[in-house]
>>> print(open('coords.txt').read())   # compact mmCIF, C-alpha atoms
# COMPACT_ATOMS: atom_id res chain seq x y z
CA MET A 1 6.61 27.16 5.43
CA LYS A 2 2.95 26.10 5.03
CA SER A 3 4.00 23.21 2.80
CA ARG A 4 6.48 22.03 5.43
CA ASN A 5 3.84 22.24 8.16
CA THR A 6 1.37 20.33 6.02
CA VAL A 7 3.90 17.57 5.37
CA LEU A 8 4.74 17.37 9.08
CA CYS A 9 1.06 17.25 9.96
CA ILE A 10 0.35 14.46 7.50
CA MET A 11 3.35 12.50 8.76
CA ALA A 12 2.14 12.90 12.35
CA ILE A 13 -1.33 11.70 11.42
CA ILE A 14 0.05 8.73 9.51
CA LEU A 15 2.14 7.78 12.53
CA PHE A 16 -0.83 8.25 14.85
CA ILE A 17 -3.13 6.17 12.65
CA ASN A 18 -0.38 3.59 12.23
CA PHE A 19 -0.18 3.30 16.01
CA LEU A 20 -3.93 3.10 16.57
CA VAL A 21 -5.05 1.14 13.56
CA PHE A 22 -2.14 -1.10 12.76
CA LYS A 23 -0.91 -1.67 16.34
CA ALA A 24 2.43 0.01 15.59
CA ASN A 25 4.72 -3.02 15.36
CA ALA A 26 2.56 -5.56 13.55
CA LEU A 27 4.13 -6.81 10.35
CA ILE A 28 1.05 -8.65 9.18
CA LEU A 29 -2.42 -7.19 9.44
CA SER A 30 -4.87 -9.58 10.98
CA PRO A 31 -8.52 -10.45 10.36
CA GLU A 32 -9.26 -7.92 13.12
CA GLU A 33 -8.16 -5.26 10.67
CA ALA A 34 -10.56 -6.78 8.14
CA GLU A 35 -13.35 -6.13 10.64
CA ARG A 36 -12.21 -2.51 10.97
CA ILE A 37 -12.28 -2.15 7.18
CA GLU A 38 -15.80 -3.57 7.14
CA MET A 39 -16.88 -1.12 9.85
CA LEU A 40 -15.26 1.70 7.88
CA LEU A 41 -17.24 0.72 4.80
CA LYS A 42 -20.52 0.46 6.70
CA GLU A 43 -20.32 3.50 8.95
CA SER A 44 -18.84 5.92 6.47
CA ASP A 45 -20.72 5.02 3.32
CA ALA A 46 -20.87 8.66 2.24
CA TYR A 47 -17.16 9.23 2.89
CA VAL A 48 -15.68 6.37 0.86
CA HIS A 49 -15.73 6.46 -2.95
CA ASP A 50 -17.03 3.47 -4.91
CA GLU A 51 -13.56 2.70 -6.33
CA ASP A 52 -12.09 2.73 -2.83
CA LYS A 53 -14.88 0.46 -1.59
CA LYS A 54 -13.97 -2.19 -4.17
CA VAL A 55 -10.28 -2.00 -3.28
CA LEU A 56 -11.02 -2.10 0.46
CA GLU A 57 -13.27 -5.13 -0.05
CA GLY A 58 -10.34 -6.87 -1.77
CA TYR A 59 -8.04 -6.01 1.14
CA ARG A 60 -10.65 -7.26 3.58
CA GLU A 61 -10.82 -10.60 1.76
CA LYS A 62 -7.02 -10.89 1.74
CA LEU A 63 -6.86 -10.24 5.47
CA LEU A 64 -9.62 -12.74 6.21
CA ASN A 65 -7.55 -15.32 4.34
CA TYR A 66 -4.43 -14.35 6.37
CA GLU A 67 -2.68 -13.01 3.29
CA ILE A 68 -0.05 -10.32 3.73
CA LEU A 69 -0.74 -6.84 2.39
CA THR A 70 2.10 -5.20 0.52
CA GLN A 71 3.51 -1.91 1.77
CA GLU A 72 1.73 -0.19 -1.12
CA GLU A 73 -1.59 -1.70 -0.04
CA LYS A 74 -0.99 -0.66 3.57
CA ASP A 75 -0.20 2.88 2.43
CA TYR A 76 -3.38 2.95 0.34
CA LEU A 77 -5.37 1.81 3.37
CA ARG A 78 -3.84 4.60 5.48
CA GLU A 79 -4.70 7.12 2.78
CA CYS A 80 -8.31 5.92 2.80
CA TYR A 81 -8.46 6.45 6.56
CA LEU A 82 -6.93 9.93 6.18
CA ASN A 83 -9.36 10.84 3.41
CA MET A 84 -12.27 9.65 5.53
CA ILE A 85 -11.09 11.83 8.43
CA ARG A 86 -10.63 14.79 6.08
CA ASN A 87 -14.10 14.30 4.58
CA LYS A 88 -15.77 13.95 7.98
CA LEU A 89 -14.12 16.99 9.54
CA GLY A 90 -13.68 19.27 6.55
CA GLU A 91 -10.39 20.87 5.55
CA GLU A 92 -10.23 23.50 8.30
CA LYS A 93 -10.98 21.13 11.19
CA PHE A 94 -8.74 18.47 9.62
CA ASN A 95 -5.80 20.89 9.65
CA GLU A 96 -6.59 21.83 13.25
CA TYR A 97 -6.76 18.13 14.13
CA CYS A 98 -3.37 17.58 12.47
CA LYS A 99 -1.79 20.40 14.44
CA LEU A 100 -3.20 19.13 17.72
CA ILE A 101 -2.04 15.56 17.05
CA GLU A 102 1.41 16.84 16.11
CA LYS A 103 1.63 19.01 19.21
CA ARG A 104 0.48 16.18 21.47
CA SER A 105 3.12 13.84 20.07
CA SER A 106 5.90 16.44 20.43
CA SER A 107 7.55 17.62 23.59
CA ALA A 108 5.68 20.95 23.44
CA GLU A 109 3.28 21.77 26.26
CA PHE A 110 -0.19 20.44 25.49
CA THR A 111 -2.67 22.65 27.34
CA GLN A 112 -6.02 21.68 28.80
CA PRO A 113 -8.01 23.69 26.18
CA GLU A 114 -6.04 21.91 23.43
CA ARG A 115 -6.77 18.53 24.99
CA PHE A 116 -10.44 19.38 25.17
CA ARG A 117 -10.49 20.58 21.55
CA LEU A 118 -8.80 17.37 20.39
CA TYR A 119 -11.36 15.39 22.39
CA GLU A 120 -14.17 17.34 20.67
CA LEU A 121 -12.73 16.64 17.21
CA GLU A 122 -12.28 12.94 17.97
CA LYS A 123 -15.81 12.78 19.33
CA GLU A 124 -17.06 14.42 16.13
CA LEU A 125 -15.22 11.77 14.12
CA ARG A 126 -16.82 8.96 16.10
CA GLU A 127 -20.32 10.42 15.91
CA SER A 128 -20.43 11.54 12.28
CA HIS A 129 -21.89 9.06 9.82
>>> encode(input="coords.txt", output="structure tokens")
Amino acid sequence: MKSRNTVLCIMAIILFINFLVFKANALILSPEEAERIEMLLKESDAYVHDEDKKVLEGYREKLLNYEILTQEEKDYLRECYLNMIRNKLGEEKFNEYCKLIEKRSSSAEFTQPERFRLYELEKELRESH
């Protein structure tokens, strides 16, 4: 049951990040995404591994040259974003964040305390460096 919940949570986060970061229906990532990658590399220096930095730099260059990222490259980019979120929040808060995102995207009632908690977690993500 935990494994199923974890998979559902990760899928919800991937969909959420896909919507926010990749503008949901875009087939080609733009140079704007390259700027987001650059901001990710600068602001979260401690949260991105050296190997990931090199790969992300390559993706950034491709996007600046209007080259299309493969689905594998897009998935890798999403995983980097997820890992950054997990590293910033820690495992416990990350799981809580997943559950709140999943609940918000479902038809279940999303209460005011849950909205506030999600706001707090998102604020923590924005403020942590």
>>> atom_distance(input="coords.txt", atom1="CA of Glu35 in chain A", atom2="CA of Gln71 in chain A")
19.5 Å
>>> residues_near_point(input="coords.txt", point="(-13.8, 18.5, 10.8)", cutoff="12 Å", atoms="only C-alpha atoms", output="list in words")
Leu82, Asn83, Met84, Ile85, Arg86, Asn87, Lys88, Leu89, Gly90, Glu91, Glu92, Lys93, Phe94, Asn95, Glu96, Tyr97, Cys98, Arg117, Leu118, Glu120, Leu121, Glu122, Lys123, Glu124, Leu125, Arg126, Glu127 and Ser128 of chain A
>>> closest_residue(input="coords.txt", among="A:Asp75, A:Glu114, A:Tyr81, A:Asn5", to="Leu100 in chain A", atoms="all atoms listed in the file")
A:Glu114
>>> closest_residue(input="coords.txt", among="A:Ile14, A:Tyr119, A:Cys80, A:Pro113", to="His49 in chain A", atoms="all atoms listed in the file")
A:Cys80
>>> atom_distance(input="coords.txt", atom1="CA of Leu63 in chain A", atom2="CA of Ala34 in chain A")
5.7 Å
>>> atom_distance(input="coords.txt", atom1="CA of Arg60 in chain A", atom2="CA of Ile37 in chain A")
6.5 Å
>>> residues_around(input="coords.txt", residues="Glu73 in chain A", least_positions_apart="3", cutoff="12 Å", atoms="all atoms listed in the file", output="JSON, numbers by chain")
{"A": [28, 29, 52, 55, 56, 58, 59, 60, 62, 63, 67, 68, 69, 70, 76, 77, 78, 79, 80]}
